[in-house]
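Chemist: One file: start.cif (mmCIF, C-alpha atoms).
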```cif
data_start
loop_
_atom_site.label_atom_id
_atom_site.label_comp_id
_atom_site.auth_asym_id
_atom_site.auth_seq_id
_atom_site.Cartn_x
_atom_site.Cartn_y
_atom_site.Cartn_z
CA MET A 1 0.00 0.00 0.00
CA LYS A 2 1.22 3.48 -0.88
CA LEU A 3 2.39 5.80 1.91
CA THR A 4 2.56 9.57 1.58
CA LEU A 5 4.86 11.35 4.03
CA ILE A 6 4.07 15.05 4.38
CA TRP A 7 7.33 16.57 5.44
CA PRO A 8 8.41 20.24 5.61
CA GLU A 9 11.37 21.42 3.60
CA PRO A 10 14.32 21.80 3.68
CA SER A 11 14.53 18.04 3.88
CA GLU A 12 18.33 18.04 4.11
CA THR A 13 18.34 19.90 7.44
CA VAL A 14 20.63 18.23 9.98
CA SER A 15 18.46 17.74 13.04
CA GLY A 16 17.12 14.75 14.92
CA GLY A 17 13.62 14.96 13.47
CA TYR A 18 14.75 15.26 9.87
CA VAL A 19 17.32 12.49 10.30
CA TYR A 20 14.60 10.23 11.74
CA ASP A 21 12.30 10.89 8.77
CA ARG A 22 15.08 10.40 6.19
CA ARG A 23 16.38 7.19 7.72
CA MET A 24 12.90 5.70 8.04
CA VAL A 25 12.10 6.52 4.40
CA ASP A 26 15.41 4.99 3.29
CA GLU A 27 14.76 1.79 5.22
CA TRP A 28 11.16 1.50 3.99
CA ARG A 29 12.26 1.92 0.38
CA ARG A 30 15.05 -0.58 0.90
CA ALA A 31 12.40 -3.02 2.10
CA GLY A 32 10.45 -2.46 -1.12
CA ARG A 33 7.71 -0.16 0.15
CA THR A 34 6.30 2.65 -1.98
CA ILE A 35 6.82 6.03 -0.31
CA GLU A 36 5.97 9.47 -1.69
CA VAL A 37 7.40 12.48 0.14
CA VAL A 38 5.60 15.79 -0.36
CA GLU A 39 5.90 19.28 1.09
CA PRO A 40 2.94 21.02 2.76
CA THR A 41 1.62 24.16 1.11
CA PRO A 42 -0.80 26.91 2.21
CA GLU A 43 -3.45 25.02 0.22
CA SER A 44 -2.47 21.63 1.68
CA CYS A 45 -4.92 18.81 1.14
CA LEU A 46 -4.78 15.15 2.08
CA PRO A 47 -4.19 12.47 -0.57
CA ASP A 48 -7.36 10.59 -1.49
CA ASP A 49 -5.79 7.16 -1.30
CA GLY A 50 -3.27 5.16 0.70
CA LEU A 51 -1.83 5.92 4.10
CA VAL A 52 -0.74 9.41 5.12
CA LEU A 53 1.94 10.28 7.68
CA ILE A 54 2.21 13.95 8.67
CA ASP A 55 5.40 15.14 10.34
CA GLY A 56 4.56 17.32 13.34
CA LEU A 57 6.34 20.33 11.83
CA ALA A 58 3.87 20.18 8.92
CA LEU A 59 0.79 19.70 11.09
CA PRO A 60 -0.10 23.43 11.47
CA ALA A 61 -0.66 23.56 7.69
CA PHE A 62 -3.78 21.43 8.27
CA ASP A 63 -5.46 23.72 10.78
CA GLY A 64 -9.21 23.62 10.25
CA MET A 65 -9.11 20.03 8.97
CA ALA A 66 -9.60 18.12 12.22
CA ALA A 67 -12.45 16.05 10.78
CA GLU A 68 -10.35 14.95 7.80
CA LEU A 69 -7.42 14.03 10.07
CA SER A 70 -9.56 11.65 12.13
CA SER A 71 -9.46 8.93 9.48
CA PRO A 72 -7.66 5.75 10.65
CA ARG A 73 -5.45 5.99 7.54
CA ILE A 74 -4.00 9.32 8.78
CA ALA A 75 -1.20 9.48 11.37
CA GLY A 76 0.95 12.21 12.86
CA LEU A 77 4.67 11.70 13.48
CA ILE A 78 5.46 13.83 16.51
CA HIS A 79 9.09 14.28 17.57
CA HIS A 80 8.00 16.87 20.13
CA PRO A 81 5.14 19.40 20.09
CA VAL A 82 6.15 22.40 18.00
CA SER A 83 4.68 24.76 20.59
CA MET A 84 7.24 23.50 23.12
CA GLU A 85 10.16 24.80 21.06
CA THR A 86 12.30 27.19 23.12
CA GLY A 87 12.73 30.68 21.68
CA LEU A 88 9.18 31.29 20.44
CA ASP A 89 7.50 34.53 21.44
CA ASP A 90 4.36 34.20 23.59
CA ALA A 91 1.94 34.93 20.76
CA GLU A 92 3.45 32.34 18.41
CA ARG A 93 3.65 29.73 21.18
CA ALA A 94 -0.01 30.29 22.04
CA ARG A 95 -1.03 30.07 18.35
CA LEU A 96 0.83 26.80 17.78
CA ALA A 97 -0.39 25.30 21.05
CA MET A 98 -3.99 26.08 20.09
CA ILE A 99 -3.56 24.40 16.72
CA GLU A 100 -1.90 21.34 18.26
CA ARG A 101 -4.61 21.02 20.91
CA ARG A 102 -7.20 20.97 18.11
CA LEU A 103 -5.41 18.62 15.73
CA LEU A 104 -3.37 16.16 17.81
CA PRO A 105 -6.41 14.56 19.54
CA ALA A 106 -8.19 14.37 16.17
CA LEU A 107 -5.51 12.35 14.36
CA GLY A 108 -6.43 8.78 13.48
CA ARG A 109 -3.09 7.62 14.89
CA VAL A 110 -0.07 9.29 16.50
CA VAL A 111 3.51 7.95 16.39
CA VAL A 112 6.06 9.44 18.79
CA THR A 113 9.77 8.85 19.29
CA SER A 114 9.79 8.38 23.07
CA GLU A 115 7.54 7.43 25.96
CA THR A 116 8.22 10.89 27.40
CA THR A 117 6.62 12.53 24.37
CA ALA A 118 3.71 10.10 24.56
CA GLN A 119 3.02 11.16 28.14
CA THR A 120 3.29 14.83 27.17
CA LEU A 121 0.67 14.37 24.47
CA VAL A 122 -1.66 12.60 26.89
CA THR A 123 -1.22 15.11 29.72
CA ASP A 124 -0.96 18.41 27.85
CA PHE A 125 -2.75 17.77 24.54
CA ALA A 126 -5.54 15.34 25.48
CA VAL A 127 -4.44 12.58 23.10
CA ALA A 128 -5.80 9.17 24.06
CA ARG A 129 -2.92 6.89 25.08
CA ASP A 130 -4.28 3.92 23.15
CA ARG A 131 -3.95 5.93 19.94
CA ILE A 132 -0.22 6.47 20.41
CA ALA A 133 2.60 4.17 19.30
CA VAL A 134 6.17 4.75 20.51
CA ILE A 135 8.85 4.02 17.88
CA THR A 136 12.24 5.31 19.04
CA PRO A 137 14.97 6.24 16.53
CA GLY A 138 17.57 3.71 15.49
CA THR A 139 21.28 4.06 16.08
CA ASP A 140 24.12 3.04 13.78
CA ALA A 141 26.81 0.69 15.00
CA VAL A 142 30.00 2.78 15.13
CA PRO A 143 33.56 2.25 16.37
CA ARG A 144 34.26 3.21 19.94
CA ALA A 145 35.81 6.66 20.33
CA ALA A 146 39.53 6.58 20.99
CA GLY A 147 39.55 9.93 22.78
CA SER A 148 41.87 12.87 22.27
CA GLY A 149 44.97 11.28 23.78
CA VAL A 150 46.04 14.67 25.19
CA PRO A 151 45.83 16.18 28.70
CA THR A 152 43.16 18.65 27.61
CA CYS A 153 39.65 17.20 28.04
CA ARG A 154 38.05 17.51 24.62
CA ILE A 155 34.31 18.12 25.05
CA LEU A 156 31.93 17.71 22.12
CA SER A 157 28.40 19.12 21.87
CA VAL A 158 26.23 18.37 18.82
CA GLY A 159 23.14 20.45 18.20
CA THR A 160 21.80 23.25 16.02
CA LEU A 161 22.47 26.72 17.43
CA ILE A 162 18.95 27.40 18.65
CA PRO A 163 17.76 28.36 22.16
CA ARG A 164 16.29 24.92 22.94
CA LYS A 165 19.70 23.25 22.75
CA GLY A 166 20.94 25.28 25.74
CA HIS A 167 24.43 25.97 24.43
CA ASP A 168 24.42 29.17 26.48
CA VAL A 169 23.88 27.10 29.62
CA LEU A 170 26.84 24.89 28.71
CA LEU A 171 29.08 27.90 28.08
CA ARG A 172 28.17 29.39 31.45
CA ALA A 173 28.79 26.07 33.19
CA LEU A 174 32.21 25.62 31.63
CA SER A 175 33.25 29.23 32.25
CA LYS A 176 33.24 28.49 35.98
CA LEU A 177 35.84 25.74 35.46
CA PHE A 178 38.63 28.14 34.56
CA ASP A 179 41.10 26.17 36.67
CA LEU A 180 40.67 22.97 34.61
CA ASP A 181 42.11 22.05 31.21
CA TRP A 182 39.25 21.68 28.72
CA HIS A 183 38.21 22.64 25.20
CA LEU A 184 34.65 22.64 23.83
CA THR A 185 33.63 22.05 20.22
CA ILE A 186 30.03 22.81 19.29
CA ALA A 187 28.96 21.15 16.02
CA GLY A 188 25.72 22.69 14.82
CA SER A 189 24.34 24.88 12.08
CA PRO A 190 24.06 28.62 12.84
CA ASP A 191 21.63 29.17 9.96
CA ARG A 192 18.32 28.25 11.58
CA ASP A 193 18.57 31.06 14.15
CA PRO A 194 21.41 33.45 13.19
CA ALA A 195 20.59 35.79 16.08
CA CYS A 196 21.01 32.97 18.60
CA ALA A 197 24.26 31.92 16.92
CA ARG A 198 25.64 35.46 17.19
CA GLN A 199 24.61 35.69 20.82
CA LEU A 200 26.46 32.48 21.63
CA VAL A 201 29.68 33.77 20.07
CA GLU A 202 29.27 37.03 21.97
CA LEU A 203 28.58 35.15 25.21
CA ALA A 204 31.80 33.16 24.84
CA GLY A 205 33.62 36.49 24.55
CA THR A 206 31.85 37.97 27.56
CA LEU A 207 32.73 34.89 29.61
CA GLN A 208 36.33 35.15 28.39
CA ILE A 209 36.41 31.59 27.06
CA THR A 210 36.58 32.30 23.32
CA HIS A 211 39.99 30.62 23.10
CA ARG A 212 38.51 27.47 24.64
CA VAL A 213 35.47 27.17 22.37
CA THR A 214 35.25 26.16 18.71
CA PHE A 215 32.01 26.83 16.85
CA ALA A 216 32.45 24.26 14.10
CA GLY A 217 29.21 24.95 12.21
CA GLU A 218 27.24 22.15 10.62
CA VAL A 219 29.41 19.03 10.46
CA VAL A 220 28.36 15.79 8.78
CA GLY A 221 29.79 12.54 7.48
CA PRO A 222 33.47 11.67 8.05
CA ALA A 223 34.21 15.09 9.55
CA LEU A 224 31.59 14.57 12.25
CA GLU A 225 32.80 11.03 12.86
CA ALA A 226 36.31 12.42 13.38
CA LEU A 227 34.95 14.77 16.05
CA TRP A 228 33.22 11.86 17.80
CA HIS A 229 36.36 9.73 17.58
CA GLY A 230 38.58 12.39 19.14
CA ALA A 231 36.24 13.47 21.94
CA ASP A 232 36.67 12.64 25.63
CA LEU A 233 33.26 13.78 26.87
CA PHE A 234 29.88 14.64 25.34
CA ALA A 235 27.77 17.47 26.76
CA LEU A 236 24.37 18.85 25.77
CA ALA A 237 22.55 21.36 28.00
CA THR A 238 19.28 21.00 26.10
CA HIS A 239 16.07 22.34 27.59
CA TYR A 240 13.95 19.66 25.93
CA GLU A 241 14.42 16.65 23.64
CA GLY A 242 11.73 14.44 22.21
CA TYR A 243 14.31 11.63 22.18
CA GLY A 244 17.92 12.82 22.11
CA MET A 245 19.59 11.32 19.04
CA ALA A 246 22.89 13.09 19.70
CA VAL A 247 22.92 11.57 23.19
CA ALA A 248 22.31 8.13 21.69
CA GLU A 249 25.19 8.75 19.27
CA ALA A 250 27.46 9.65 22.17
CA LEU A 251 26.56 6.42 23.96
CA ALA A 252 27.12 4.43 20.77
CA HIS A 253 30.63 5.92 20.60
CA GLY A 254 31.29 5.02 24.24
CA LEU A 255 31.53 8.62 25.49
CA PRO A 256 30.54 9.63 29.02
CA VAL A 257 27.65 12.06 28.85
CA ALA A 258 26.64 15.28 30.62
CA VAL A 259 23.06 16.20 29.74
CA MET A 260 20.03 17.94 31.17
CA GLN A 261 16.82 16.25 32.28
CA GLY A 262 14.70 18.04 29.67
CA GLY A 263 12.32 15.68 27.93
CA ALA A 264 13.64 12.22 27.03
CA ALA A 265 17.38 12.83 26.63
CA ALA A 266 18.41 11.91 30.17
CA VAL A 267 16.31 8.73 30.05
CA LEU A 268 18.86 7.25 27.66
CA VAL A 269 21.80 7.77 30.00
CA PRO A 270 22.61 5.02 32.53
CA ALA A 271 23.49 6.30 36.00
CA GLU A 272 27.01 4.86 35.61
CA GLY A 273 27.48 6.40 32.14
CA GLY A 274 27.03 10.09 32.76
CA VAL A 275 25.62 12.95 34.77
CA THR A 276 22.30 14.78 34.47
CA CYS A 277 21.02 18.11 35.79
CA GLU A 278 17.84 20.16 35.76
CA PRO A 279 17.33 22.23 32.59
CA GLY A 280 18.92 25.66 32.87
CA ASP A 281 20.96 24.82 35.98
CA PHE A 282 24.41 25.85 34.80
CA VAL A 283 25.75 25.86 38.36
CA GLY A 284 24.73 22.24 38.90
CA LEU A 285 26.05 21.28 35.47
CA SER A 286 29.36 22.96 36.23
CA LYS A 287 29.74 21.01 39.47
CA ALA A 288 28.82 17.73 37.78
CA MET A 289 31.22 18.26 34.89
CA ARG A 290 34.12 19.24 37.18
CA ARG A 291 34.65 15.64 38.24
CA LEU A 292 34.48 14.35 34.68
CA ILE A 293 36.88 16.94 33.28
CA PHE A 294 39.33 16.50 36.16
CA SER A 295 39.47 12.70 36.17
CA ALA A 296 40.43 10.74 33.07
CA GLU A 297 39.87 7.55 35.09
CA LEU A 298 36.27 8.55 35.88
CA ARG A 299 35.70 9.25 32.20
CA ARG A 300 37.10 5.82 31.35
CA VAL A 301 34.78 4.07 33.81
CA MET A 302 31.72 6.04 32.72
CA GLY A 303 32.69 5.59 29.08
CA GLU A 304 32.58 1.81 29.50
CA ALA A 305 29.04 2.01 30.91
CA ALA A 306 28.06 4.35 28.07
CA TRP A 307 29.53 1.91 25.52
CA GLN A 308 27.51 -0.98 26.92
CA ALA A 309 24.33 1.12 26.85
CA GLY A 310 25.06 2.21 23.30
CA ARG A 311 25.50 -1.35 22.08
CA ALA A 312 22.00 -2.17 23.37
CA LEU A 313 20.32 0.53 21.27
CA PRO A 314 18.23 -0.77 18.34
CA SER A 315 19.26 -0.38 14.70
CA TRP A 316 17.48 1.78 12.12
CA GLU A 317 16.44 -1.33 10.20
CA LYS A 318 14.82 -2.81 13.29
CA GLN A 319 12.98 0.42 14.13
CA ALA A 320 11.77 0.90 10.56
CA MET A 321 10.30 -2.59 10.61
CA ALA A 322 8.76 -1.89 14.03
CA PHE A 323 7.18 1.24 12.56
CA ILE A 324 5.69 -0.78 9.72
CA GLU A 325 4.43 -3.52 12.01
CA GLN A 326 3.35 -1.47 15.02
CA GLY A 327 3.24 2.19 14.09
CA TRP A 328 -0.49 2.08 13.51
CA GLY A 329 -1.05 -1.21 15.23
CA SER A 330 -2.36 0.16 18.52
CA ALA A 331 -5.92 -0.75 19.33
CA PRO A 332 -8.46 1.55 17.67
CA ASN A 333 -10.98 3.45 19.75
CA PRO A 334 -14.37 1.88 18.93
CA ALA A 335 -16.14 5.09 19.89
CA ARG A 336 -14.38 6.88 17.03
CA ASP A 337 -13.13 4.35 14.47
CA SER A 338 -15.56 2.54 12.21
CA VAL A 339 -12.79 0.30 10.87
CA PRO A 340 -9.60 -0.99 12.47
CA GLY A 341 -6.50 1.12 12.02
CA PRO A 342 -4.19 -0.24 9.31
CA ALA A 343 -0.63 -1.32 9.71
CA LEU A 344 1.67 1.31 8.27
CA LEU A 345 2.60 -0.41 5.02
#
```
Could you spell out this file's structure in structure tokens?
Modeler:
Amino acid sequence: MKLTLIWPEPSETVSGGYVYDRRMVDEWRRAGRTIEVVEPTPESCLPDDGLVLIDGLALPAFDGMAAELSSPRIAGLIHHPVSMETGLDDAERARLAMIERRLLPALGRVVVTSETTAQTLVTDFAVARDRIAVITPGTDAVPRAAGSGVPTCRILSVGTLIPRKGHDVLLRALSKLFDLDWHLTIAGSPDRDPACARQLVELAGTLQITHRVTFAGEVVGPALEALWHGADLFALATHYEGYGMAVAEALAHGLPVAVMQGGAAAVLVPAEGGVTCEPGDFVGLSKAMRRLIFSAELRRVMGEAAWQAGRALPSWEKQAMAFIEQGWGSAPNPARDSVPGPALL
């Protein structure tokens, strides 16, 4: 059966949500499924046939179409509610939240990338739990990071330069550790929010740590793998993650992790494999990272626990098949569905 994925451009954006969509499409096509990917428009309409999967970023384009979205052949793919994005002004947040509260409960099915997001949709957006399927991202098998091999603790953070990623919190935390030997590399595109990117560069200057911070821009492929391979510690001070794919990547590379408890990111991290703090708490993060930066032996021990956790993460192939088999396999609500919900493909 044909599947149409409605997915906002630019499709080549390097972010967890876009990577999830791309990898799922690749795996489905590799398995012989027919997938059409289309971009929403101001005059967006739903295909008349087949199954339809709407990425959450495209969902606002269907405002006013709650009745049409209630078909069991329609599903939303929600990485995290758009209205929960950090950096929105109050009016835009309220507008998006209103749209999501109208449309999310109406969808025939909802697929999310973590149990944390599922609970958020139930609690804050009135989505029935039995209409939600949780299909986490996959993770590639990668070689274990060798580390920098130098006295300086090389810290890597991977995330677009937007307010939600909390890079400012990380900079403030590290600036308090002036007595330790560390260097931070932030790999993330500055193009999505140029104002935020400029503010981060200015903040590094204000904190007098410019010489200790490299803003590497968007890094992909072998260049990104080289950064992972040469890192000693991964840190991400995110305010909220629907899953935390960069955290999963860090675990897969066997890196100890310092991350905030925003959304699902910290759920991935075993207690022996890293440290977690409350979102925005740069003082707590600074104290937690002090031990890791100071002690190479502690990083080694935590890195081993991270490596074991990373090896247990599922592959993209497995998750794509789970999506096909279970993504719309949750029990339909007889009060609303006249026919059972279909499997995805």
Chemist: Please write the residues picked by the PyMOL selection byres ((chain A and resi 100-109) around 6) on this file as a PyMOL selection string.
Modeler: chain A and resi 66+69-72+74-75+97-99+110+125+127+131
Chemist: Could you state which residues are captured by the PyMOL selection byres ((chain A and resi 31) around 12) in this file, as a list in words?
Modeler: Met24, Val25, Asp26, Glu27, Trp28, Arg29, Arg30, Gly32, Arg33, Thr34, Ile35, Glu317, Lys318, Ala320, Met321, Ile324 and Leu345 of chain A
Chemist: Hey, what comes out of the PyMOL selection byres ((chain A and resi 188-200) around 12) on this file? Could you write it as a PDB file with C-alpha atoms, keeping the file's coordinate frame?
Modeler:
```pdb
ATOM      1  CA  PRO A  10      14.320  21.800   3.680  1.00  0.00           C
ATOM      2  CA  THR A  13      18.340  19.900   7.440  1.00  0.00           C
ATOM      3  CA  VAL A  14      20.630  18.230   9.980  1.00  0.00           C
ATOM      4  CA  SER A  15      18.460  17.740  13.040  1.00  0.00           C
ATOM      5  CA  GLY A  16      17.120  14.750  14.920  1.00  0.00           C
ATOM      6  CA  THR A  86      12.300  27.190  23.120  1.00  0.00           C
ATOM      7  CA  GLY A  87      12.730  30.680  21.680  1.00  0.00           C
ATOM      8  CA  LEU A  88       9.180  31.290  20.440  1.00  0.00           C
ATOM      9  CA  LEU A 156      31.930  17.710  22.120  1.00  0.00           C
ATOM     10  CA  SER A 157      28.400  19.120  21.870  1.00  0.00           C
ATOM     11  CA  VAL A 158      26.230  18.370  18.820  1.00  0.00           C
ATOM     12  CA  GLY A 159      23.140  20.450  18.200  1.00  0.00           C
ATOM     13  CA  THR A 160      21.800  23.250  16.020  1.00  0.00           C
ATOM     14  CA  LEU A 161      22.470  26.720  17.430  1.00  0.00           C
ATOM     15  CA  ILE A 162      18.950  27.400  18.650  1.00  0.00           C
ATOM     16  CA  PRO A 163      17.760  28.360  22.160  1.00  0.00           C
ATOM     17  CA  ARG A 164      16.290  24.920  22.940  1.00  0.00           C
ATOM     18  CA  LYS A 165      19.700  23.250  22.750  1.00  0.00           C
ATOM     19  CA  GLY A 166      20.940  25.280  25.740  1.00  0.00           C
ATOM     20  CA  HIS A 167      24.430  25.970  24.430  1.00  0.00           C
ATOM     21  CA  ASP A 168      24.420  29.170  26.480  1.00  0.00           C
ATOM     22  CA  VAL A 169      23.880  27.100  29.620  1.00  0.00           C
ATOM     23  CA  LEU A 170      26.840  24.890  28.710  1.00  0.00           C
ATOM     24  CA  LEU A 171      29.080  27.900  28.080  1.00  0.00           C
ATOM     25  CA  ARG A 172      28.170  29.390  31.450  1.00  0.00           C
ATOM     26  CA  THR A 185      33.630  22.050  20.220  1.00  0.00           C
ATOM     27  CA  ILE A 186      30.030  22.810  19.290  1.00  0.00           C
ATOM     28  CA  ALA A 187      28.960  21.150  16.020  1.00  0.00           C
ATOM     29  CA  VAL A 201      29.680  33.770  20.070  1.00  0.00           C
ATOM     30  CA  GLU A 202      29.270  37.030  21.970  1.00  0.00           C
ATOM     31  CA  LEU A 203      28.580  35.150  25.210  1.00  0.00           C
ATOM     32  CA  ALA A 204      31.800  33.160  24.840  1.00  0.00           C
ATOM     33  CA  GLY A 205      33.620  36.490  24.550  1.00  0.00           C
ATOM     34  CA  THR A 206      31.850  37.970  27.560  1.00  0.00           C
ATOM     35  CA  LEU A 207      32.730  34.890  29.610  1.00  0.00           C
ATOM     36  CA  ILE A 209      36.410  31.590  27.060  1.00  0.00           C
ATOM     37  CA  THR A 210      36.580  32.300  23.320  1.00  0.00           C
ATOM     38  CA  VAL A 213      35.470  27.170  22.370  1.00  0.00           C
ATOM     39  CA  THR A 214      35.250  26.160  18.710  1.00  0.00           C
ATOM     40  CA  PHE A 215      32.010  26.830  16.850  1.00  0.00           C
ATOM     41  CA  ALA A 216      32.450  24.260  14.100  1.00  0.00           C
ATOM     42  CA  GLY A 217      29.210  24.950  12.210  1.00  0.00           C
ATOM     43  CA  GLU A 218      27.240  22.150  10.620  1.00  0.00           C
ATOM     44  CA  VAL A 219      29.410  19.030  10.460  1.00  0.00           C
ATOM     45  CA  VAL A 220      28.360  15.790   8.780  1.00  0.00           C
ATOM     46  CA  LEU A 224      31.590  14.570  12.250  1.00  0.00           C
ATOM     47  CA  LEU A 236      24.370  18.850  25.770  1.00  0.00           C
ATOM     48  CA  ALA A 246      22.890  13.090  19.700  1.00  0.00           C
TER      49      ALA A 246
END
```
Chemist: Quick one: which range 79-149 of chain A residues come within 12 Å of range 292-301 of chain A, and what is the nearest atom pair for each with the distance in Å to one decimal, counting all atoms listed in the file, rows ordered by chain and ascending number, as JSON lines?
Modeler:
```
{"residue": "A:Ala145", "atom": "CA", "partner": "A:Arg300", "partner_atom": "CA", "distance": 11.1}
{"residue": "A:Ala146", "atom": "CA", "partner": "A:Arg300", "partner_atom": "CA", "distance": 10.7}
{"residue": "A:Gly147", "atom": "CA", "partner": "A:Arg300", "partner_atom": "CA", "distance": 9.8}
{"residue": "A:Ser148", "atom": "CA", "partner": "A:Ala296", "partner_atom": "CA", "distance": 11.1}
{"residue": "A:Gly149", "atom": "CA", "partner": "A:Ala296", "partner_atom": "CA", "distance": 10.4}
```
Chemist: For each of A:Thr4, A:Thr120, A:Gln308, A:Gln208, take the minimum atom-to-atom distance to Leu268 in chain A, counting all atoms listed in the file, then give the residue where this is smallest.
Modeler: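 Of all the options, A:Gln308 lies closest to Leu268 in chain A.
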Chemist: To one decimal place, how far is CA of Asp181 in chain A from CA of Arg212 in chain A in Å?
Modeler: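 Taking CA of Asp181 in chain A and CA of Arg212 in chain A, their separation equals 9.2 Å.
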Chemist: Need the shell around Arg129 in chain A: protein/DNA/RNA residues with any atom at most 8 Å away, counting all atoms listed in the file. Skip same-chain ones fewer than 5 positions apart. Format as a PyMOL selection string?
Modeler: chain A and resi 118-119+122
Chemist: I'd like to know which of A:Ala312, A:Ile6, A:Leu121, A:Ala223 is closest to Ile54 in chain A, using all atoms listed in the file.
Modeler: A:Ile6
Chemist: Using all atoms listed in the file, which of A:Ala252, A:Leu3, A:Met84, A:Val134 sits nearest Leu57 in chain A?
Modeler: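 For Leu57 in chain A, the nearest of the candidates is A:Met84.
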Chemist: With N, CA and C atoms as the atom set, please write range 79-93 of chain A from the structure just given, as an mmCIF file, in the first residue's frame.
Modeler:
```cif
data_model
loop_
_atom_site.group_PDB
_atom_site.id
_atom_site.type_symbol
_atom_site.label_atom_id
_atom_site.label_comp_id
_atom_site.auth_asym_id
_atom_site.auth_seq_id
_atom_site.Cartn_x
_atom_site.Cartn_y
_atom_site.Cartn_z
ATOM 1 N N HIS A 79 7.791 14.374 16.889
ATOM 2 C CA HIS A 79 9.086 14.280 17.574
ATOM 3 C C HIS A 79 9.014 15.003 18.914
ATOM 4 N N HIS A 80 8.448 16.178 18.920
ATOM 5 C CA HIS A 80 8.000 16.867 20.126
ATOM 6 C C HIS A 80 7.038 17.960 19.676
ATOM 7 N N PRO A 81 6.083 18.362 20.519
ATOM 8 C CA PRO A 81 5.138 19.397 20.095
ATOM 9 C C PRO A 81 5.873 20.668 19.668
ATOM 10 N N VAL A 82 5.484 21.213 18.526
ATOM 11 C CA VAL A 82 6.151 22.404 17.999
ATOM 12 C C VAL A 82 6.016 23.566 18.967
ATOM 13 N N SER A 83 4.897 23.638 19.666
ATOM 14 C CA SER A 83 4.675 24.758 20.590
ATOM 15 C C SER A 83 5.596 24.719 21.797
ATOM 16 N N MET A 84 6.312 23.607 22.001
ATOM 17 C CA MET A 84 7.235 23.504 23.121
ATOM 18 C C MET A 84 8.656 23.907 22.745
ATOM 19 N N GLU A 85 8.841 24.356 21.499
ATOM 20 C CA GLU A 85 10.157 24.800 21.063
ATOM 21 C C GLU A 85 10.574 26.041 21.849
ATOM 22 N N THR A 86 11.778 26.032 22.404
ATOM 23 C CA THR A 86 12.303 27.187 23.121
ATOM 24 C C THR A 86 12.634 28.298 22.131
ATOM 25 N N GLY A 87 12.380 29.549 22.522
ATOM 26 C CA GLY A 87 12.730 30.684 21.683
ATOM 27 C C GLY A 87 11.558 31.314 20.963
ATOM 28 N N LEU A 88 10.360 30.698 21.044
ATOM 29 C CA LEU A 88 9.175 31.294 20.441
ATOM 30 C C LEU A 88 8.688 32.466 21.290
ATOM 31 N N ASP A 89 8.123 33.476 20.645
ATOM 32 C CA ASP A 89 7.498 34.532 21.442
ATOM 33 C C ASP A 89 6.145 34.019 21.943
ATOM 34 N N ASP A 90 5.570 34.701 22.926
ATOM 35 C CA ASP A 90 4.361 34.203 23.587
ATOM 36 C C ASP A 90 3.197 34.046 22.622
ATOM 37 N N ALA A 91 3.058 34.996 21.696
ATOM 38 C CA ALA A 91 1.937 34.930 20.755
ATOM 39 C C ALA A 91 2.048 33.727 19.831
ATOM 40 N N GLU A 92 3.253 33.472 19.307
ATOM 41 C CA GLU A 92 3.448 32.344 18.407
ATOM 42 C C GLU A 92 3.298 31.021 19.146
ATOM 43 N N ARG A 93 3.799 30.960 20.380
ATOM 44 C CA ARG A 93 3.650 29.734 21.176
ATOM 45 C C ARG A 93 2.175 29.443 21.420
#
```
